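K.L.:
Starting off with a structure, shown below.
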Amino acid sequence: MDPIVSQLCSSLCQIVGDKHVLVGEAIDPEYTRDESLTVAPVVPRAVVRPANTAEVAKLLAFANAQRLAVVARGAGTGLSGACTPVAEGIVLSLERMNRILEIDEENQVAVCEPFVRLTELYAAAEAKGLMYAIVPGENSATIGGNVNTNAGGMQAVKYGVTRHHVLGLEVVLADGQVLRTGGKIVKVSSGYDLTQLIVGSEGTLAVVTQVIVKLVPRLPHRKTVLAPFKTLAEVTHAIPKLVATGIGPLMLEYIDVLTMASILQRSKMDLGIDPKLREQAMAYLLLVTEGRDEAGTERDAAELGEKCLELGAMDVFMLPSQAGRQLIEAREQSFWAGKAAGAGDVIDVVVPRASIANYVERAGLIAAEHQALVVGCGHAGDGNVHLAVFHGDAAVRGKVTKALLTAGVELGGAVSGEHGIGRAKKRYYAALEDPAKLVLQRRIKQAFDPNGILNPSAIFD
Ligand SMILES: Cc1cc2nc3c(=O)[nH]c(=O)nc-3n(C[C@H](O)[C@H](O)[C@H](O)COP(=O)(O)OP(=O)(O)OC[C@H]3O[C@@H](n4cnc5c(N)ncnc54)[C@H](O)[C@@H]3O)c2cc1C
């Protein structure tokens, strides 16, 4: 073994025990990457698996003294290469810190260690008649990962994104200091809001060791509406008007024709729509309502359906609950469908909701100009578009991606609505973000992590 790695290994073993330090061949390839399509895997010097906050604190104090890069890792489901290791550094995998510490029914909060997977949090909340409202499409993701990417997902149009549900954190700073922010409190106006600063920081400011999230009462009824349209433009124009009804759908997604075909094929699902109508449909809206009573939920769905017809839908289908669930699950698989079809990149631009029509039109022009294929779906109610970019030449693909991101920013949007910057998008972020903001962000990073050990390759260099 390389003497540097050997010495490092023995220091790390003293903190977490021999079993929880992996080096060389023992490092599973899963630790070297996330699900980004554009960021290559990197093998770190070691993977270390602390059991508790005290061990995380000792690890960071050690790493800080050694100027050793530390990349915190959740489930590795991220789409921006944010948890990709640094070759000379270590991966700090939170996998042993996986307990739900408390479901507090009266305060309607959950207190979790960082590696609680969403599946587990959903089940624990449901058992108490409550719900964790953030559903970012991949339920094997962890709450620590969600906090650090400020994950969004399909229910954001009603409930907001992760940051709107994080009430407090326990974090370990780069020098090993343990800090608590917020608490089981729904409001706070006491100095800078460090909780919100850390949310979405991609492991560059601190390592999160505990999360307090808000839970909401579980509403028992859901109805799903599917509306096919003849043009994508009609769909995108309809979105702000559907939001303006005030009905407040739980989900408001758009799916273009190619994406719909690929997700249906992948999930072996038949929508039961007349083939002639399917041939004419170029895009779909998928809407879900939820409520306390069945009749009211159905009435909301019917009203949204009526509105869709008014706005140009060819027809409107109220899906039976099983089919509705299946279609939503299929929609969640759109990333895998795009990957299987050979997508070279998937981006998640966000624009103001009312600009989504303009944006999608510009995306079509950009694709045509570069002879690329750009297809997608998205959390339309949030103005958040997921576009898969297909082109055989990586250089052209890069140009298309840059043009798509630029168009989003020009419309008052942002490079990433929910997947984060990570490594995949940092060159675009550097080029498109306000330079003054970048300078201030670097100063914040410097204040939290003066030696630059925490995820030094993410967001900016
Ligand atoms: C099929 C699919 C669909 C998806 N759909 C959506 C979607 O609709 N909406 C959406 O928002 N996302 C979506 N994602 C992205 C992904 O699920 C999220 O980014 C998720 O939040 C990542 O969680 P994770 O546990 O996998 O984190 P990781 O990928 O392991 O890490 C993500 C970032 O968080 C940091 N991190 C992780 N844990 C900690 C910690 N304890 N302390 C400090 N930093 C930490 C890492 O360093 C990294 O920067 C999808 C992913 C897939 C594969």
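We label chains A, B, ... in the order they appear in the structure tokens, count residues from 1 in each chain, and number ligands from 1 in the order shown.
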So that I can check the surroundings of A:Gln333, please list as a list of chain:residue names every protein, DNA and RNA residue that reaches within 12 Å of it, counting only C-alpha atoms and ignoring chain neighbours fewer than 6 positions away.
P.N.:
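The filter keeps A:Pro136, A:Gly137, A:Glu138, A:Asn139, A:Thr259, A:Met260, A:Ser262, A:Ile263, A:Leu264, A:Gln265, A:Arg266, A:Ser267, A:Gln326, A:Leu327, A:Lys339, A:Ala340, A:Cys377.
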K.L.:
Quick one: residues within 9 Å of A:Leu59, only C-alpha atoms counted, chain neighbours fewer than 6 positions away excluded, as a compact mmCIF listing (two decimals) with N, CA and C atoms, in the first residue's frame?
P.N.:
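The result, written out as around10.txt:
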```txt
# COMPACT_ATOMS: atom_id res chain seq x y z
N LEU A 12 -7.33 7.20 10.35
CA LEU A 12 -8.79 7.15 10.24
C LEU A 12 -9.35 5.97 11.04
N ILE A 15 -10.14 6.54 14.57
CA ILE A 15 -11.37 7.32 14.85
C ILE A 15 -12.62 6.45 14.70
N VAL A 16 -12.70 5.68 13.61
CA VAL A 16 -13.98 4.96 13.34
C VAL A 16 -13.86 3.44 13.45
N VAL A 48 -14.65 6.54 4.46
CA VAL A 48 -14.73 6.37 5.91
C VAL A 48 -16.18 6.48 6.34
N PRO A 50 -18.34 6.98 9.55
CA PRO A 50 -18.51 7.27 10.99
C PRO A 50 -19.87 6.78 11.50
N LEU A 92 -16.69 10.76 2.99
CA LEU A 92 -17.27 10.55 4.31
C LEU A 92 -18.70 10.05 4.08
N GLY A 176 -14.28 20.78 12.91
CA GLY A 176 -14.73 19.77 13.87
C GLY A 176 -15.72 20.31 14.91
```
K.L.:
Name the residues in contact with A:Gln196 at a cut-off of 10 Å, using only C-alpha atoms, excluding same-chain residues fewer than 4 positions from it; report them as a ChimeraX atom specification.
P.N.:
/A:147,150,163-164,166-169,181-182,192,200-201
K.L.:
Could you turn the residues from that selection into a file that holds C-alpha atoms, as a PDB file, in the first residue's frame?
P.N.:
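Dumped everything to part38.pdb:
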```
ATOM      1  CA  VAL A 147     -30.956  18.977   2.369  1.00  0.00           C
ATOM      2  CA  ASN A 150     -32.370  21.469  -1.751  1.00  0.00           C
ATOM      3  CA  ARG A 163     -35.694  24.240   2.282  1.00  0.00           C
ATOM      4  CA  HIS A 164     -39.309  25.050   3.116  1.00  0.00           C
ATOM      5  CA  VAL A 166     -36.106  22.083   7.129  1.00  0.00           C
ATOM      6  CA  LEU A 167     -36.558  23.638  10.554  1.00  0.00           C
ATOM      7  CA  GLY A 168     -33.212  22.860  12.088  1.00  0.00           C
ATOM      8  CA  LEU A 169     -29.888  21.144  11.610  1.00  0.00           C
ATOM      9  CA  THR A 181     -29.254  25.731  13.940  1.00  0.00           C
ATOM     10  CA  GLY A 182     -33.007  26.329  14.224  1.00  0.00           C
ATOM     11  CA  TYR A 192     -28.658  35.236   9.987  1.00  0.00           C
ATOM     12  CA  GLY A 200     -28.455  23.491  -0.891  1.00  0.00           C
ATOM     13  CA  SER A 201     -24.757  23.983  -0.109  1.00  0.00           C
TER      14      SER A 201
END
```
K.L.:
Please provide the set of residues having any atom within 8 Å of A:Ile453, restricted to only C-alpha atoms, with same-chain residues fewer than 2 positions apart removed, written as a VMD selection string.
P.N.:
chain A and resid 63 to 64 67 to 70 174 449 451 455 to 456
K.L.:
Those residues with C-alpha atoms, as a CSV table (one decimal), in the first residue's frame please?
P.N.:
```csv
chain,number,residue,atom,x,y,z
A,63,ALA,CA,-8.9,16.3,7.9
A,64,ASN,CA,-8.7,20.1,8.5
A,67,ARG,CA,-5.7,19.8,4.6
A,68,LEU,CA,-7.4,16.7,3.4
A,69,ALA,CA,-10.4,17.1,1.1
A,70,VAL,CA,-13.6,15.5,2.5
A,174,ALA,CA,-14.7,22.0,8.8
A,449,ASP,CA,-14.2,26.4,5.6
A,451,ASN,CA,-8.8,25.6,4.4
A,455,ASN,CA,-16.2,19.2,-1.2
A,456,PRO,CA,-13.7,21.5,-2.9
```
K.L.:
Any idea what the distance is between atom CA of A:Gly338 and atom CA of A:Arg325?
P.N.:
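These two atoms are separated by 20.6 Å.
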K.L.:
Counting only C-alpha atoms and all ligand atoms, name the residues that have an atom within 6 Å of an atom of ligand 1; the answer should be given as a PDB file with C-alpha atoms, in the first residue's frame.
P.N.:
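Saved to pocket21.pdb:
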```pdb
ATOM      1  CA  ASP A  34     -23.335   9.543  -8.502  1.00  0.00           C
ATOM      2  CA  GLU A  35     -25.967   9.339 -11.271  1.00  0.00           C
ATOM      3  CA  VAL A  71     -16.653  14.730   0.309  1.00  0.00           C
ATOM      4  CA  ALA A  72     -19.790  13.867   2.276  1.00  0.00           C
ATOM      5  CA  ARG A  73     -21.925  11.212   0.652  1.00  0.00           C
ATOM      6  CA  GLY A  74     -25.557  10.201   0.978  1.00  0.00           C
ATOM      7  CA  ALA A  75     -27.063   7.611  -1.351  1.00  0.00           C
ATOM      8  CA  GLY A  76     -25.233   8.910  -4.436  1.00  0.00           C
ATOM      9  CA  THR A  77     -28.458   9.493  -6.392  1.00  0.00           C
ATOM     10  CA  GLY A  78     -27.517  13.084  -7.218  1.00  0.00           C
ATOM     11  CA  LEU A  79     -27.571  14.160 -10.871  1.00  0.00           C
ATOM     12  CA  ALA A  82     -21.801  16.743  -6.428  1.00  0.00           C
ATOM     13  CA  CYS A  83     -20.669  13.790  -4.304  1.00  0.00           C
ATOM     14  CA  PRO A 114     -28.587  12.173   7.710  1.00  0.00           C
ATOM     15  CA  PRO A 136     -37.893  14.265  -5.344  1.00  0.00           C
ATOM     16  CA  GLY A 137     -38.417  11.288  -7.614  1.00  0.00           C
ATOM     17  CA  GLU A 138     -35.815   8.919  -6.189  1.00  0.00           C
ATOM     18  CA  ALA A 141     -32.089   9.295  -1.659  1.00  0.00           C
ATOM     19  CA  THR A 142     -31.254  10.365   1.896  1.00  0.00           C
ATOM     20  CA  GLY A 144     -28.922  14.588   4.232  1.00  0.00           C
ATOM     21  CA  GLY A 145     -28.532  14.506   0.443  1.00  0.00           C
ATOM     22  CA  ASN A 146     -31.907  16.199  -0.035  1.00  0.00           C
ATOM     23  CA  ASN A 148     -27.677  19.543   0.595  1.00  0.00           C
ATOM     24  CA  THR A 149     -29.185  19.697  -2.885  1.00  0.00           C
ATOM     25  CA  ALA A 151     -34.284  18.718  -3.551  1.00  0.00           C
ATOM     26  CA  GLY A 152     -37.605  19.567  -5.158  1.00  0.00           C
ATOM     27  CA  GLY A 153     -39.732  17.096  -7.081  1.00  0.00           C
ATOM     28  CA  GLU A 202     -23.788  20.561  -1.520  1.00  0.00           C
ATOM     29  CA  GLY A 203     -21.546  19.590   1.386  1.00  0.00           C
ATOM     30  CA  ALA A 206     -20.548  21.705   6.701  1.00  0.00           C
ATOM     31  CA  VAL A 207     -21.403  18.054   7.205  1.00  0.00           C
ATOM     32  CA  VAL A 208     -25.013  17.607   8.260  1.00  0.00           C
ATOM     33  CA  THR A 209     -25.403  15.108  11.086  1.00  0.00           C
ATOM     34  CA  GLN A 333     -38.537   6.926 -14.256  1.00  0.00           C
ATOM     35  CA  PHE A 335     -34.410   9.991 -16.137  1.00  0.00           C
ATOM     36  CA  TRP A 336     -33.693   6.276 -16.588  1.00  0.00           C
ATOM     37  CA  GLU A 418     -33.265  21.290  -7.935  1.00  0.00           C
ATOM     38  CA  HIS A 419     -30.375  19.021  -8.935  1.00  0.00           C
TER      39      HIS A 419
END
```
K.L.:
Please provide as a ChimeraX atom specification all residues within 12 Å of A:Gly381, with the sequence filter that same-chain residues fewer than 4 positions apart are discarded (counting only C-alpha atoms).
P.N.:
/A:152-160,235-244,248-254,285-288,350-357,377,385
K.L.:
Could the residues in this selection be saved with N, CA and C atoms as a compact mmCIF listing (two decimals), in the first residue's frame?
P.N.:
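Output saved as again_26.txt:
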```txt
# COMPACT_ATOMS: atom_id res chain seq x y z
N GLY A 152 -36.25 19.07 -4.87
CA GLY A 152 -37.60 19.57 -5.16
C GLY A 152 -38.56 18.42 -5.43
N GLY A 153 -38.87 18.23 -6.71
CA GLY A 153 -39.73 17.10 -7.08
C GLY A 153 -41.15 17.51 -7.38
N MET A 154 -41.99 16.48 -7.59
CA MET A 154 -43.32 16.71 -8.17
C MET A 154 -44.30 17.44 -7.26
N GLN A 155 -44.11 17.36 -5.94
CA GLN A 155 -45.09 17.99 -5.05
C GLN A 155 -44.71 19.43 -4.67
N ALA A 156 -43.63 19.90 -5.29
CA ALA A 156 -43.16 21.25 -4.93
C ALA A 156 -44.17 22.32 -5.31
N VAL A 157 -44.95 22.07 -6.35
CA VAL A 157 -45.92 23.10 -6.77
C VAL A 157 -46.91 23.42 -5.64
N LYS A 158 -47.16 22.43 -4.79
CA LYS A 158 -48.05 22.71 -3.64
C LYS A 158 -47.26 22.98 -2.35
N TYR A 159 -46.23 22.18 -2.11
CA TYR A 159 -45.59 22.23 -0.79
C TYR A 159 -44.24 22.94 -0.75
N GLY A 160 -43.74 23.37 -1.93
CA GLY A 160 -42.41 23.98 -1.92
C GLY A 160 -41.33 22.91 -1.99
N VAL A 235 -49.66 23.42 -24.09
CA VAL A 235 -49.43 22.93 -22.72
C VAL A 235 -48.72 24.00 -21.89
N THR A 236 -47.65 24.54 -22.46
CA THR A 236 -46.86 25.48 -21.66
C THR A 236 -47.62 26.79 -21.39
N HIS A 237 -48.45 27.18 -22.37
CA HIS A 237 -49.28 28.39 -22.14
C HIS A 237 -50.34 28.13 -21.07
N ALA A 238 -50.77 26.88 -20.96
CA ALA A 238 -51.85 26.56 -20.01
C ALA A 238 -51.38 26.63 -18.54
N ILE A 239 -50.08 26.41 -18.34
CA ILE A 239 -49.60 26.19 -16.96
C ILE A 239 -49.91 27.36 -16.01
N PRO A 240 -49.51 28.60 -16.34
CA PRO A 240 -49.81 29.68 -15.38
C PRO A 240 -51.31 29.84 -15.15
N LYS A 241 -52.11 29.55 -16.17
CA LYS A 241 -53.56 29.72 -16.02
C LYS A 241 -54.13 28.66 -15.10
N LEU A 242 -53.56 27.46 -15.13
CA LEU A 242 -54.03 26.41 -14.23
C LEU A 242 -53.65 26.74 -12.79
N VAL A 243 -52.45 27.29 -12.62
CA VAL A 243 -52.05 27.68 -11.26
C VAL A 243 -52.96 28.81 -10.77
N ALA A 244 -53.30 29.71 -11.69
CA ALA A 244 -54.11 30.88 -11.31
C ALA A 244 -55.54 30.51 -10.89
N GLY A 248 -54.85 24.84 -6.56
CA GLY A 248 -53.66 24.35 -5.86
C GLY A 248 -53.42 22.87 -6.03
N PRO A 249 -53.12 22.42 -7.27
CA PRO A 249 -52.87 20.99 -7.46
C PRO A 249 -51.65 20.52 -6.67
N LEU A 250 -51.67 19.25 -6.32
CA LEU A 250 -50.51 18.64 -5.64
C LEU A 250 -49.37 18.46 -6.63
N MET A 251 -49.73 18.14 -7.87
CA MET A 251 -48.71 17.98 -8.92
C MET A 251 -49.23 18.63 -10.19
N LEU A 252 -48.32 19.22 -10.94
CA LEU A 252 -48.66 19.80 -12.24
C LEU A 252 -47.44 19.61 -13.12
N GLU A 253 -47.46 18.49 -13.85
CA GLU A 253 -46.30 18.08 -14.63
C GLU A 253 -46.60 18.15 -16.11
N TYR A 254 -45.62 18.48 -16.93
CA TYR A 254 -45.81 18.32 -18.37
C TYR A 254 -44.88 17.20 -18.86
N LEU A 285 -50.45 17.08 -20.03
CA LEU A 285 -50.37 17.62 -18.67
C LEU A 285 -50.85 16.55 -17.72
N LEU A 286 -50.14 16.39 -16.64
CA LEU A 286 -50.52 15.43 -15.60
C LEU A 286 -50.78 16.24 -14.34
N LEU A 287 -52.02 16.16 -13.87
CA LEU A 287 -52.37 16.95 -12.69
C LEU A 287 -52.89 16.02 -11.60
N VAL A 288 -52.53 16.31 -10.37
CA VAL A 288 -53.05 15.52 -9.24
C VAL A 288 -53.61 16.50 -8.21
N VAL A 350 -34.65 26.24 -14.36
CA VAL A 350 -35.92 26.78 -13.84
C VAL A 350 -36.09 28.19 -14.38
N VAL A 351 -37.31 28.49 -14.81
CA VAL A 351 -37.63 29.85 -15.29
C VAL A 351 -38.90 30.29 -14.58
N PRO A 352 -39.20 31.59 -14.61
CA PRO A 352 -40.49 31.99 -14.04
C PRO A 352 -41.61 31.22 -14.75
N ARG A 353 -42.59 30.81 -13.98
CA ARG A 353 -43.66 29.95 -14.52
C ARG A 353 -44.26 30.52 -15.82
N ALA A 354 -44.44 31.83 -15.85
CA ALA A 354 -45.09 32.44 -17.01
C ALA A 354 -44.17 32.46 -18.22
N SER A 355 -42.89 32.14 -18.03
CA SER A 355 -41.94 32.15 -19.16
C SER A 355 -41.68 30.75 -19.69
N ILE A 356 -42.37 29.77 -19.15
CA ILE A 356 -42.05 28.39 -19.54
C ILE A 356 -42.35 28.16 -21.03
N ALA A 357 -43.41 28.80 -21.54
CA ALA A 357 -43.77 28.62 -22.96
C ALA A 357 -42.65 29.19 -23.83
N CYS A 377 -39.61 16.66 -19.90
CA CYS A 377 -40.81 16.76 -19.10
C CYS A 377 -40.43 17.72 -17.98
N VAL A 385 -37.90 22.75 -15.82
CA VAL A 385 -37.92 21.91 -17.02
C VAL A 385 -36.77 20.91 -16.99
```
K.L.:
As JSON, numbers by chain, please: the residues near A:Ile143 (cut-off 9 Å, only C-alpha atoms, same-chain neighbours under 6 positions excluded).
P.N.:
{"A": [74, 112, 113, 114, 115, 116, 117, 118, 121, 211]}
K.L.:
I want to know what sits within 12 Å of A:Ile444, based on only C-alpha atoms, with residues of the same chain fewer than 5 positions away left out; could you give that as a list in words?
P.N.:
Leu194, Leu197, Ile198, Ser201, Thr204, Leu205, Ala206, Lys437, Leu438, Val439, Asp449, Pro450 and Gly452 of chain A
K.L.:
Hey, can you spit out that residue selection with C-alpha atoms as a short mmCIF file (atom, residue, chain, number, x, y, z; two decimals), in the first residue's frame?
P.N.:
```cif
data_model
loop_
_atom_site.label_atom_id
_atom_site.label_comp_id
_atom_site.auth_asym_id
_atom_site.auth_seq_id
_atom_site.Cartn_x
_atom_site.Cartn_y
_atom_site.Cartn_z
CA LEU A 194 -27.69 29.51 9.02
CA LEU A 197 -27.55 28.93 4.20
CA ILE A 198 -26.52 25.31 4.62
CA SER A 201 -24.76 23.98 -0.11
CA THR A 204 -19.28 22.61 0.82
CA LEU A 205 -20.05 24.43 4.08
CA ALA A 206 -20.55 21.71 6.70
CA LYS A 437 -22.76 36.88 -6.14
CA LEU A 438 -19.97 34.44 -6.92
CA VAL A 439 -17.49 36.62 -5.01
CA ASP A 449 -14.19 26.39 5.58
CA PRO A 450 -10.99 28.49 5.52
CA GLY A 452 -11.19 24.58 1.61
#
```
K.L.:
As a PyMOL selection string, please: all residues of stretch 100-158 of chain A that backbone DSSP puts in strand (DSSP E).
P.N.:
chain A and resi 100-104+109-112+130-131
K.L.:
Please return as a VMD selection string: the residues of stretch 13-261 of chain A that backbone DSSP assigns to alpha helix (DSSP H).
P.N.:
chain A and resid 13 to 16 53 to 66 118 to 126 143 to 149 156 to 159 194 to 198 232 to 244 257 to 261
K.L.:
Using only C-alpha atoms, which of the listed residues (A:Asp175, A:Glu55, A:Asp274, A:Glu298) sits closest to A:Thr224?
P.N.:
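Looking only at the distances to A:Thr224, the closest residue turns out to be A:Glu298.
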K.L.:
Hey, can you check how far atom CA of A:Ala447 sits from atom CA of A:Ala414?
P.N.:
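Value for the atom CA of A:Ala447-atom CA of A:Ala414 distance: 25.0 Å.
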K.L.:
What is the atom CA of A:Arg292 to atom CA of A:Pro217 distance in Å?
P.N.:
9.9 Å
K.L.:
My list of candidates is A:Ile255, A:Met282, A:Leu173, A:Leu130. Which is closest to A:Arg218 when distances are computed with only C-alpha atoms?
P.N.:
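Answer, going by the shortest atom-to-atom distance: A:Leu130.
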